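Q: Below is the file model-v3.csv, with CSV, C-alpha atoms.
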```csv
chain,number,residue,atom,x,y,z
J,1,MET,CA,-139.9,118.3,-123.3
J,2,THR,CA,-140.5,116.4,-120.1
J,3,GLN,CA,-143.1,118.4,-118.2
J,4,SER,CA,-146.8,118.6,-118.4
J,5,LEU,CA,-148.0,121.6,-120.4
J,6,ALA,CA,-150.2,122.5,-117.4
J,7,PHE,CA,-147.3,122.8,-115.0
J,8,PRO,CA,-147.0,126.4,-113.7
J,9,PRO,CA,-144.0,128.6,-114.5
J,10,ILE,CA,-141.2,128.5,-112.0
J,11,LEU,CA,-140.6,132.0,-110.4
J,12,TYR,CA,-137.3,133.0,-108.8
J,13,LEU,CA,-137.4,136.4,-107.0
J,14,PRO,CA,-134.3,138.8,-107.2
J,15,CYS,CA,-131.4,137.4,-105.2
J,16,PHE,CA,-128.5,137.2,-107.7
J,17,ASP,CA,-128.2,138.6,-111.2
J,18,TYR,CA,-128.3,135.8,-113.7
J,19,GLN,CA,-125.1,136.6,-115.6
J,20,VAL,CA,-122.8,137.8,-112.8
J,21,HIS,CA,-122.4,134.8,-110.5
J,22,ARG,CA,-123.9,131.8,-112.4
J,23,GLN,CA,-124.1,129.6,-109.3
J,24,ARG,CA,-126.5,126.9,-108.1
J,25,PRO,CA,-129.9,128.7,-108.6
J,26,GLN,CA,-129.0,129.9,-112.1
J,27,GLN,CA,-127.6,126.5,-113.2
J,28,LEU,CA,-130.5,124.4,-111.9
J,29,LEU,CA,-133.2,126.7,-113.2
J,30,TYR,CA,-131.6,127.0,-116.6
J,31,GLN,CA,-131.3,123.2,-116.9
J,32,LEU,CA,-135.0,122.8,-115.8
J,33,SER,CA,-135.8,125.2,-118.7
J,34,LEU,CA,-134.0,122.9,-121.1
J,35,LEU,CA,-136.2,120.1,-119.8
J,36,GLY,CA,-139.2,122.1,-120.8
J,37,PHE,CA,-140.2,123.9,-117.6
J,38,ASN,CA,-141.0,127.6,-118.0
J,39,VAL,CA,-138.8,129.7,-115.8
J,40,ILE,CA,-138.9,133.4,-114.9
J,41,TYR,CA,-135.6,134.4,-113.2
J,42,CYS,CA,-135.7,137.9,-111.6
J,43,ASN,CA,-132.5,139.9,-111.6
J,44,VAL,CA,-131.5,142.3,-108.9
J,45,THR,CA,-130.4,144.8,-111.5
J,46,GLN,CA,-133.5,146.2,-113.1
J,47,ASP,CA,-134.3,147.7,-116.5
J,48,LYS,CA,-138.0,148.7,-116.7
J,49,LYS,CA,-137.7,149.6,-120.3
J,50,ASN,CA,-136.6,146.0,-121.1
J,51,PRO,CA,-138.6,143.9,-118.6
J,52,PHE,CA,-137.9,140.5,-120.1
J,53,VAL,CA,-134.8,139.0,-121.8
J,54,ILE,CA,-135.6,135.7,-123.4
J,55,LEU,CA,-132.7,133.2,-123.3
J,56,ASN,CA,-134.6,130.2,-124.7
J,57,ASP,CA,-138.1,129.1,-125.4
J,58,HIS,CA,-138.6,128.4,-121.7
J,59,PHE,CA,-136.3,130.8,-119.8
J,60,ALA,CA,-136.8,134.5,-119.3
J,61,VAL,CA,-134.7,136.9,-117.2
J,62,CYS,CA,-137.0,139.4,-115.7
J,63,GLN,CA,-135.6,142.9,-115.2
J,64,ASP,CA,-138.8,144.4,-113.8
J,65,PRO,CA,-140.5,142.4,-111.1
J,66,ASP,CA,-143.5,144.7,-111.4
J,67,ALA,CA,-144.1,143.3,-114.8
J,68,ILE,CA,-144.9,139.8,-113.4
J,69,ASN,CA,-148.5,138.9,-113.7
J,70,LYS,CA,-149.5,138.2,-110.1
J,71,ASN,CA,-152.8,136.6,-111.3
J,72,HIS,CA,-150.9,133.8,-112.8
J,73,GLU,CA,-150.2,130.6,-110.8
J,74,TYR,CA,-146.5,129.9,-110.1
J,75,VAL,CA,-144.1,127.4,-108.5
J,76,MET,CA,-141.9,129.5,-106.2
J,77,TRP,CA,-138.2,128.6,-106.2
J,78,LEU,CA,-137.0,129.9,-102.8
J,79,THR,CA,-133.4,130.3,-101.8
J,80,HIS,CA,-133.4,133.6,-99.9
J,81,GLY,CA,-135.3,133.0,-96.6
J,82,PRO,CA,-136.8,136.5,-96.3
J,83,PHE,CA,-138.7,136.0,-99.5
J,84,VAL,CA,-141.1,133.8,-97.5
J,85,GLU,CA,-142.8,137.1,-96.7
J,86,GLN,CA,-143.5,137.5,-100.5
J,87,LEU,CA,-145.4,134.2,-100.9
J,88,PRO,CA,-148.9,135.7,-100.0
J,89,LYS,CA,-148.4,138.2,-102.9
J,90,TYR,CA,-148.5,135.5,-105.5
J,91,LYS,CA,-150.7,132.6,-106.5
J,92,ILE,CA,-148.5,129.7,-105.4
J,93,ASN,CA,-149.1,126.1,-106.6
J,94,MET,CA,-145.9,124.8,-105.1
J,95,VAL,CA,-142.8,125.9,-103.2
J,96,VAL,CA,-139.3,124.5,-103.7
J,97,SER,CA,-137.0,125.6,-101.0
J,98,ASP,CA,-133.3,125.2,-101.8
J,99,ILE,CA,-130.8,125.2,-98.9
J,100,ALA,CA,-127.2,125.7,-100.2
J,101,ASP,CA,-125.5,127.0,-97.0
J,102,ILE,CA,-125.8,126.3,-93.3
J,103,SER,CA,-127.4,129.2,-91.2
J,104,ALA,CA,-124.3,129.8,-89.0
J,105,GLU,CA,-121.4,132.2,-88.8
J,106,GLU,CA,-121.6,134.6,-91.8
J,107,PHE,CA,-125.1,133.2,-92.6
J,108,ALA,CA,-126.3,133.3,-89.0
J,109,PRO,CA,-128.7,136.3,-89.6
J,110,LEU,CA,-130.7,134.0,-92.0
J,111,GLU,CA,-131.4,131.4,-89.3
J,112,VAL,CA,-134.5,133.2,-88.2
J,113,TRP,CA,-136.0,132.4,-91.6
J,114,GLU,CA,-134.9,128.8,-92.0
J,115,LYS,CA,-137.9,127.1,-90.2
J,116,ARG,CA,-140.4,129.2,-92.2
J,117,LYS,CA,-138.6,128.4,-95.4
J,118,ILE,CA,-138.8,124.7,-94.7
J,119,ASP,CA,-142.4,124.8,-93.4
J,120,ALA,CA,-143.5,126.7,-96.5
J,121,ALA,CA,-142.0,124.1,-98.9
J,122,ASP,CA,-143.5,121.2,-100.8
J,123,ILE,CA,-139.9,120.1,-101.6
J,124,VAL,CA,-136.7,120.9,-99.8
J,125,LEU,CA,-133.4,120.6,-101.6
J,126,CYS,CA,-130.1,120.4,-99.7
J,127,ALA,CA,-126.7,121.0,-101.2
J,128,SER,CA,-124.6,118.9,-98.8
J,129,GLN,CA,-124.8,115.9,-96.5
J,130,ILE,CA,-124.5,118.0,-93.4
J,131,ILE,CA,-127.3,120.3,-94.5
J,132,TYR,CA,-129.4,117.2,-95.4
J,133,ASP,CA,-128.8,115.5,-92.1
J,134,ALA,CA,-129.9,118.7,-90.3
J,135,THR,CA,-133.1,119.0,-92.4
J,136,VAL,CA,-134.4,115.6,-93.1
J,137,GLN,CA,-136.3,115.3,-89.8
J,138,LYS,CA,-137.9,118.6,-90.3
J,139,HIS,CA,-139.8,117.9,-93.5
J,140,SER,CA,-141.4,114.9,-95.2
J,141,ASN,CA,-139.9,115.6,-98.7
J,142,VAL,CA,-136.2,116.4,-98.5
J,143,MET,CA,-133.7,115.7,-101.3
J,144,LEU,CA,-129.9,115.7,-101.3
J,145,ILE,CA,-129.0,117.6,-104.5
J,146,ARG,CA,-125.4,118.4,-104.5
J,147,ASN,CA,-123.8,121.1,-106.8
J,148,ALA,CA,-122.3,120.2,-110.2
J,149,ALA,CA,-120.7,121.6,-113.3
J,150,ASP,CA,-121.7,122.8,-116.7
J,151,TYR,CA,-119.4,120.2,-118.2
J,152,GLU,CA,-119.5,121.4,-121.8
J,153,HIS,CA,-118.6,124.9,-120.8
J,154,PHE,CA,-115.5,124.0,-118.9
J,155,ALA,CA,-114.4,121.0,-121.0
J,156,GLN,CA,-113.8,123.3,-123.9
J,157,VAL,CA,-110.5,124.1,-122.2
J,158,LEU,CA,-109.1,120.9,-123.7
J,159,ASP,CA,-110.9,121.1,-127.0
J,160,LYS,CA,-108.0,121.0,-129.6
J,161,ASP,CA,-110.3,122.4,-132.2
J,162,GLN,CA,-111.1,125.5,-130.1
J,163,SER,CA,-107.9,127.5,-130.7
J,164,LEU,CA,-108.9,130.6,-128.8
J,165,LEU,CA,-111.4,130.8,-125.9
J,166,HIS,CA,-113.5,133.8,-124.9
J,167,ASP,CA,-111.2,136.4,-123.4
J,168,GLU,CA,-108.2,134.1,-123.6
J,169,ILE,CA,-105.8,136.9,-124.8
J,170,GLU,CA,-106.6,138.9,-121.7
J,171,ALA,CA,-106.3,135.8,-119.5
J,172,ARG,CA,-102.8,135.1,-120.8
J,173,LYS,CA,-101.7,138.6,-120.0
J,174,LEU,CA,-103.3,138.7,-116.5
J,175,CYS,CA,-101.8,135.3,-115.6
J,176,LEU,CA,-98.4,136.4,-117.0
J,177,ASN,CA,-98.2,133.2,-119.0
J,178,THR,CA,-95.8,131.8,-116.4
J,179,ALA,CA,-95.6,128.2,-115.1
J,180,PRO,CA,-96.6,127.0,-112.7
J,181,VAL,CA,-99.8,129.0,-112.3
J,182,VAL,CA,-102.0,128.0,-109.4
J,183,GLY,CA,-105.5,129.2,-109.9
J,184,PHE,CA,-108.8,129.9,-108.0
J,185,TRP,CA,-112.1,131.3,-109.0
J,186,GLY,CA,-115.2,132.2,-107.0
J,187,ALA,CA,-116.0,134.5,-104.2
J,188,VAL,CA,-113.0,136.0,-102.4
J,189,ALA,CA,-114.8,135.8,-99.1
J,190,SER,CA,-114.1,135.6,-95.4
J,191,TRP,CA,-114.0,131.8,-95.3
J,192,VAL,CA,-110.9,131.7,-97.6
J,193,ASN,CA,-107.7,130.9,-95.6
J,194,TYR,CA,-105.5,133.9,-96.3
J,195,GLU,CA,-102.8,132.7,-93.9
J,196,LEU,CA,-102.5,129.5,-96.0
J,197,ILE,CA,-102.3,131.5,-99.2
J,198,ALA,CA,-99.6,133.7,-97.8
J,199,TYR,CA,-97.6,130.6,-96.6
J,200,LEU,CA,-97.9,129.0,-100.0
J,201,ALA,CA,-96.9,132.1,-101.9
J,202,LYS,CA,-93.8,132.7,-99.7
J,203,GLU,CA,-92.7,129.1,-99.8
J,204,ARG,CA,-93.0,129.0,-103.6
J,205,PRO,CA,-92.0,132.3,-105.0
J,206,ASN,CA,-91.6,130.7,-108.4
J,207,TYR,CA,-95.4,129.8,-108.5
J,208,SER,CA,-98.0,132.4,-109.6
J,209,PHE,CA,-101.2,132.4,-107.5
J,210,VAL,CA,-104.1,133.8,-109.5
J,211,PHE,CA,-107.5,134.6,-107.9
J,212,VAL,CA,-110.4,135.3,-110.2
J,213,GLY,CA,-113.6,136.5,-108.4
J,214,GLU,CA,-115.3,139.3,-106.7
J,215,ILE,CA,-113.6,140.4,-103.5
J,216,PHE,CA,-116.1,140.6,-100.6
J,217,CYS,CA,-113.7,141.1,-97.6
J,218,HIS,CA,-110.3,142.5,-96.6
J,219,GLY,CA,-108.5,139.2,-96.8
J,220,PRO,CA,-106.2,140.1,-99.7
J,221,GLU,CA,-105.1,143.2,-97.8
J,222,GLN,CA,-104.2,141.1,-94.8
J,223,ILE,CA,-101.5,139.2,-96.5
J,224,GLY,CA,-99.9,142.2,-98.1
J,225,LYS,CA,-98.7,142.7,-101.7
J,226,LEU,CA,-96.9,139.5,-102.4
J,227,PRO,CA,-95.4,139.7,-105.9
J,228,ASN,CA,-96.6,136.3,-107.0
J,229,VAL,CA,-100.2,136.7,-105.8
J,230,HIS,CA,-102.6,138.3,-108.2
J,231,TRP,CA,-106.2,139.4,-107.3
J,232,LEU,CA,-107.9,139.9,-110.6
J,233,GLY,CA,-111.4,140.7,-109.3
J,234,ASN,CA,-114.7,139.5,-110.9
J,235,ARG,CA,-114.7,138.1,-114.4
J,236,ASP,CA,-117.6,137.0,-116.6
J,237,TYR,CA,-118.6,133.4,-116.4
J,238,GLU,CA,-117.9,133.0,-120.1
J,239,SER,CA,-114.2,133.9,-119.4
J,240,LEU,CA,-113.5,131.1,-116.8
J,241,PRO,CA,-112.4,128.4,-119.3
J,242,ALA,CA,-109.8,130.9,-120.7
J,243,PHE,CA,-108.4,131.3,-117.2
J,244,ALA,CA,-108.5,127.5,-116.6
J,245,ARG,CA,-106.4,127.1,-119.7
J,246,GLN,CA,-103.7,129.1,-118.1
J,247,PHE,CA,-103.8,127.2,-114.8
J,248,ASP,CA,-101.5,124.3,-114.0
J,249,ALA,CA,-103.5,123.4,-110.8
J,250,ALA,CA,-106.5,124.8,-109.0
J,251,ILE,CA,-107.0,125.2,-105.2
J,252,ILE,CA,-109.9,125.3,-102.7
J,253,PRO,CA,-108.1,127.0,-99.8
J,254,PHE,CA,-111.0,127.3,-97.3
J,255,GLN,CA,-110.8,127.6,-93.6
J,256,ILE,CA,-112.2,124.6,-91.7
J,257,ARG,CA,-115.3,125.7,-89.8
J,258,LYS,CA,-119.1,125.3,-89.7
J,259,VAL,CA,-119.9,127.2,-93.0
J,260,THR,CA,-117.2,125.5,-95.0
J,261,GLU,CA,-117.7,122.0,-93.6
J,262,ALA,CA,-121.3,122.2,-94.8
J,263,ALA,CA,-120.4,123.6,-98.2
J,264,ASN,CA,-120.4,121.7,-101.4
J,265,PRO,CA,-118.1,123.9,-103.6
J,266,VAL,CA,-119.3,124.5,-107.1
J,267,LYS,CA,-115.7,125.3,-108.1
J,268,LEU,CA,-114.7,121.7,-107.3
J,269,TYR,CA,-116.8,120.3,-110.1
J,270,GLU,CA,-115.8,123.1,-112.5
J,271,TYR,CA,-112.1,122.5,-111.9
J,272,LEU,CA,-112.6,118.8,-112.6
J,273,ALA,CA,-114.6,119.5,-115.8
J,274,ALA,CA,-111.7,121.7,-117.0
J,275,GLY,CA,-109.3,118.7,-116.3
J,276,LEU,CA,-107.4,120.6,-113.7
J,277,PRO,CA,-105.5,119.0,-110.8
J,278,VAL,CA,-107.3,120.1,-107.6
J,279,ILE,CA,-105.9,120.6,-104.1
J,280,SER,CA,-108.3,121.4,-101.2
J,281,THR,CA,-108.3,121.8,-97.5
J,282,ASP,CA,-110.0,119.0,-95.7
J,283,LEU,CA,-113.7,119.6,-96.4
J,284,PRO,CA,-116.2,116.8,-95.9
J,285,GLU,CA,-117.8,117.3,-99.3
J,286,VAL,CA,-114.5,117.1,-101.0
J,287,ARG,CA,-113.2,113.9,-99.3
J,288,PRO,CA,-115.1,111.4,-101.5
J,289,PHE,CA,-113.3,112.6,-104.6
J,290,ASP,CA,-110.3,110.3,-105.1
J,291,GLU,CA,-109.1,112.7,-107.9
J,292,VAL,CA,-108.7,115.6,-105.4
J,293,ARG,CA,-105.6,116.0,-103.2
J,294,ILE,CA,-106.4,117.0,-99.6
J,295,GLY,CA,-104.0,119.3,-97.6
J,296,ARG,CA,-104.5,118.8,-93.9
J,297,SER,CA,-102.0,121.4,-92.8
J,298,PRO,CA,-100.1,124.3,-94.5
J,299,SER,CA,-97.0,122.2,-95.1
J,300,HIS,CA,-99.1,119.2,-96.2
J,301,PHE,CA,-101.1,121.4,-98.6
J,302,LEU,CA,-97.9,122.7,-100.1
J,303,GLN,CA,-96.6,119.1,-100.6
J,304,GLN,CA,-99.8,118.1,-102.3
J,305,LEU,CA,-99.6,121.2,-104.5
J,306,ASP,CA,-96.1,120.3,-105.5
J,307,GLU,CA,-97.0,116.7,-106.3
J,308,ALA,CA,-100.1,117.7,-108.2
J,309,ILE,CA,-98.0,120.0,-110.5
J,310,ARG,CA,-95.4,117.4,-110.9
J,311,PHE,CA,-97.5,114.2,-111.4
J,312,ASP,CA,-101.1,115.1,-112.1
J,313,ARG,CA,-101.1,116.9,-115.5
J,314,SER,CA,-100.9,113.9,-117.8
J,315,PRO,CA,-103.7,113.5,-120.4
J,316,GLU,CA,-104.8,110.3,-118.7
J,317,LYS,CA,-105.3,111.9,-115.3
J,318,ARG,CA,-107.1,114.9,-117.0
J,319,GLN,CA,-109.5,112.5,-118.6
J,320,ILE,CA,-110.2,110.7,-115.3
J,321,ARG,CA,-111.1,114.0,-113.7
J,322,GLN,CA,-113.3,115.1,-116.6
J,323,ASN,CA,-115.1,111.8,-116.6
J,324,GLN,CA,-115.9,112.3,-113.0
J,325,ALA,CA,-117.2,115.8,-113.7
J,326,LYS,CA,-119.3,114.6,-116.6
J,327,ARG,CA,-121.2,112.3,-114.3
J,328,GLU,CA,-121.8,115.2,-111.8
J,329,SER,CA,-123.7,117.4,-114.3
J,330,TRP,CA,-126.3,120.1,-113.6
J,331,ARG,CA,-128.5,118.4,-116.2
J,332,ALA,CA,-128.5,115.2,-114.1
J,333,ARG,CA,-129.2,117.1,-110.9
J,334,ALA,CA,-132.1,119.0,-112.6
J,335,GLN,CA,-133.6,115.8,-113.9
J,336,LEU,CA,-133.9,114.5,-110.3
J,337,VAL,CA,-135.6,117.7,-109.2
J,338,ALA,CA,-137.9,117.7,-112.3
J,339,ASP,CA,-139.1,114.1,-111.5
J,340,GLN,CA,-139.9,115.1,-107.9
J,341,MET,CA,-141.7,118.3,-109.0
J,342,LEU,CA,-143.8,116.5,-111.5
J,343,SER,CA,-144.7,113.8,-108.9
J,344,LYS,CA,-145.7,116.4,-106.4
J,345,TYR,CA,-147.7,118.3,-109.0
J,346,MET,CA,-149.6,115.2,-110.0
J,347,GLU,CA,-150.2,114.4,-106.3
J,348,LYS,CA,-151.7,117.9,-105.8
J,349,GLN,CA,-154.1,117.4,-108.7
J,350,LYS,CA,-155.7,114.4,-107.1
```
Let me see the file written as structure tokens.
A:
Amino acid sequence: MTQSLAFPPILYLPCFDYQVHRQRPQQLLYQLSLLGFNVIYCNVTQDKKNPFVILNDHFAVCQDPDAINKNHEYVMWLTHGPFVEQLPKYKINMVVSDIADISAEEFAPLEVWEKRKIDAADIVLCASQIIYDATVQKHSNVMLIRNAADYEHFAQVLDKDQSLLHDEIEARKLCLNTAPVVGFWGAVASWVNYELIAYLAKERPNYSFVFVGEIFCHGPEQIGKLPNVHWLGNRDYESLPAFARQFDAAIIPFQIRKVTEAANPVKLYEYLAAGLPVISTDLPEVRPFDEVRIGRSPSHFLQQLDEAIRFDRSPEKRQIRQNQAKRESWRARAQLVADQMLSKYMEKQK
């Protein structure tokens, strides 16, 4: 346990259900709980008959925000800008504002809240260099905390002693157990390059392209019903290693524009933790990874994909990728935040 016993609980108001997406807020907060910080994570989905689900000695999923004791002192973990309006309703010792996306394009409606979210904070976290550079002059305590992977969760793909992963039989059926299988997981959203996907699928009809994730836009409909492209919809986080075991390579086929240039894709770290060859469009946050192939045009992306499948699946290259992911862990990220939170807390006590 690394924290002071007097440190207030961290409160996260309802923005994402804990089990559904398991992205940056869930991962960082859960790791902070493993470091000894008490965390109350509020779900969007509510169950007033079962207000608290205890995941460990320091982490509770709250399914009824009305059950939270507003007379208690809290550290507010703020990701959703409009929740600035909720701060006066609680006794707040500290505010940690986490900025994971730039307030432009799809996220432009949130721009009105960004200044207030920063001004209210004691600590501001930024998920990418572009976000950090845009924020560092606006606040005295700004940290660059990139995304990461739950290494142990995804590394089990290559665990020889783990013969069958969670939902692996279903994953085999859905991926048709063909080779090569080119995989993707995450939000099937407007920033995905559907023209690129259509090009790849038409040029390589012998490849299967498998997309695991909730569909948030009409992109899949735009490219038609190509026989080798499979949109599987949302799957439980626990199932992702089973799908990774079916993949021969993984892709990040994002459009190049403001939102994606400022993004630090969580899937990048997860793919690497699973040992998968990775091919991405030319994103600033991906460029530093020597293990990742960059496709700078559709034809170049296809070339990189072919070469990844042909040359990048050796045990030695898998190990290099996993070693990289192991260094980029949520635990390491959370420790940096924990140290800063404790420092700020001690400063407030003076």
Q: I'd like to know which of J:Pro82, J:Pro205, J:Pro14, J:Gly213 is closest to Pro109 of chain J, using only C-alpha atoms.
A: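 Closest residue, counting only C-alpha atoms: J:Pro82.
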Q: To one decimal place in Å, what is the distance between atom CA of Asp312 of chain J and atom CA of Ala325 of chain J?
A: 16.2 Å
Q: In terms of the shortest atom-to-atom distance over all atoms listed in the file, which of J:Phe154, J:Phe301, J:Trp191, J:Trp330 is closest to Leu240 of chain J?
A: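 Counting all atoms listed in the file, the residue closest to Leu240 of chain J is J:Phe154.
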Q: List every protein, DNA or RNA residue that has an atom no more than 12 Å from (-109.4, 126.0, -98.1) in the file's coordinate frame, counting all atoms listed in the file, and report them as number ranges by chain.
A: J: 184, 188-197, 250-257, 259-261, 263, 265, 267-268, 278-284, 286, 293-298, 301
Q: Please compute the atom CA of Asn43 of chain J-atom CA of Tyr74 of chain J distance, one decimal, in Å.
A: 17.3 Å
Q: Would you fill the gaps in segment 208-219 of chain J so it has N, CA, C and O atoms, then print it as a compact mmCIF listing (two decimals), in the coordinates of the input?
A:
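result_1.txt, freshly written:
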```
# COMPACT_ATOMS: atom_id res chain seq x y z
N SER J 208 -97.03 131.29 -109.54
CA SER J 208 -98.00 132.40 -109.60
C SER J 208 -99.31 131.95 -109.04
O SER J 208 -99.83 130.92 -109.47
N PHE J 209 -99.87 132.71 -108.10
CA PHE J 209 -101.20 132.40 -107.50
C PHE J 209 -102.17 133.42 -108.03
O PHE J 209 -102.05 134.62 -107.73
N VAL J 210 -103.15 132.95 -108.80
CA VAL J 210 -104.10 133.80 -109.50
C VAL J 210 -105.49 133.60 -108.95
O VAL J 210 -106.00 132.46 -108.96
N PHE J 211 -106.14 134.68 -108.49
CA PHE J 211 -107.50 134.60 -107.90
C PHE J 211 -108.45 135.40 -108.77
O PHE J 211 -108.31 136.61 -108.93
N VAL J 212 -109.43 134.69 -109.31
CA VAL J 212 -110.40 135.30 -110.20
C VAL J 212 -111.76 135.28 -109.39
O VAL J 212 -112.26 134.21 -109.04
N GLY J 213 -112.31 136.44 -109.11
CA GLY J 213 -113.60 136.50 -108.40
C GLY J 213 -113.76 137.79 -107.66
O GLY J 213 -112.80 138.48 -107.32
N GLU J 214 -115.02 138.10 -107.41
CA GLU J 214 -115.30 139.30 -106.70
C GLU J 214 -114.80 139.28 -105.27
O GLU J 214 -114.93 138.26 -104.58
N ILE J 215 -114.19 140.38 -104.82
CA ILE J 215 -113.60 140.40 -103.50
C ILE J 215 -114.63 141.01 -102.52
O ILE J 215 -115.08 142.15 -102.66
N PHE J 216 -115.01 140.19 -101.51
CA PHE J 216 -116.10 140.60 -100.60
C PHE J 216 -115.53 140.90 -99.17
O PHE J 216 -116.32 141.20 -98.28
N CYS J 217 -114.22 140.82 -98.97
CA CYS J 217 -113.70 141.10 -97.60
C CYS J 217 -112.28 141.66 -97.76
O CYS J 217 -111.79 141.91 -98.87
N HIS J 218 -111.63 141.89 -96.62
CA HIS J 218 -110.30 142.50 -96.60
C HIS J 218 -109.18 141.47 -96.56
O HIS J 218 -108.04 141.82 -96.27
N GLY J 219 -109.50 140.25 -96.85
CA GLY J 219 -108.50 139.20 -96.80
C GLY J 219 -107.26 139.46 -97.65
O GLY J 219 -106.13 139.32 -97.17
```
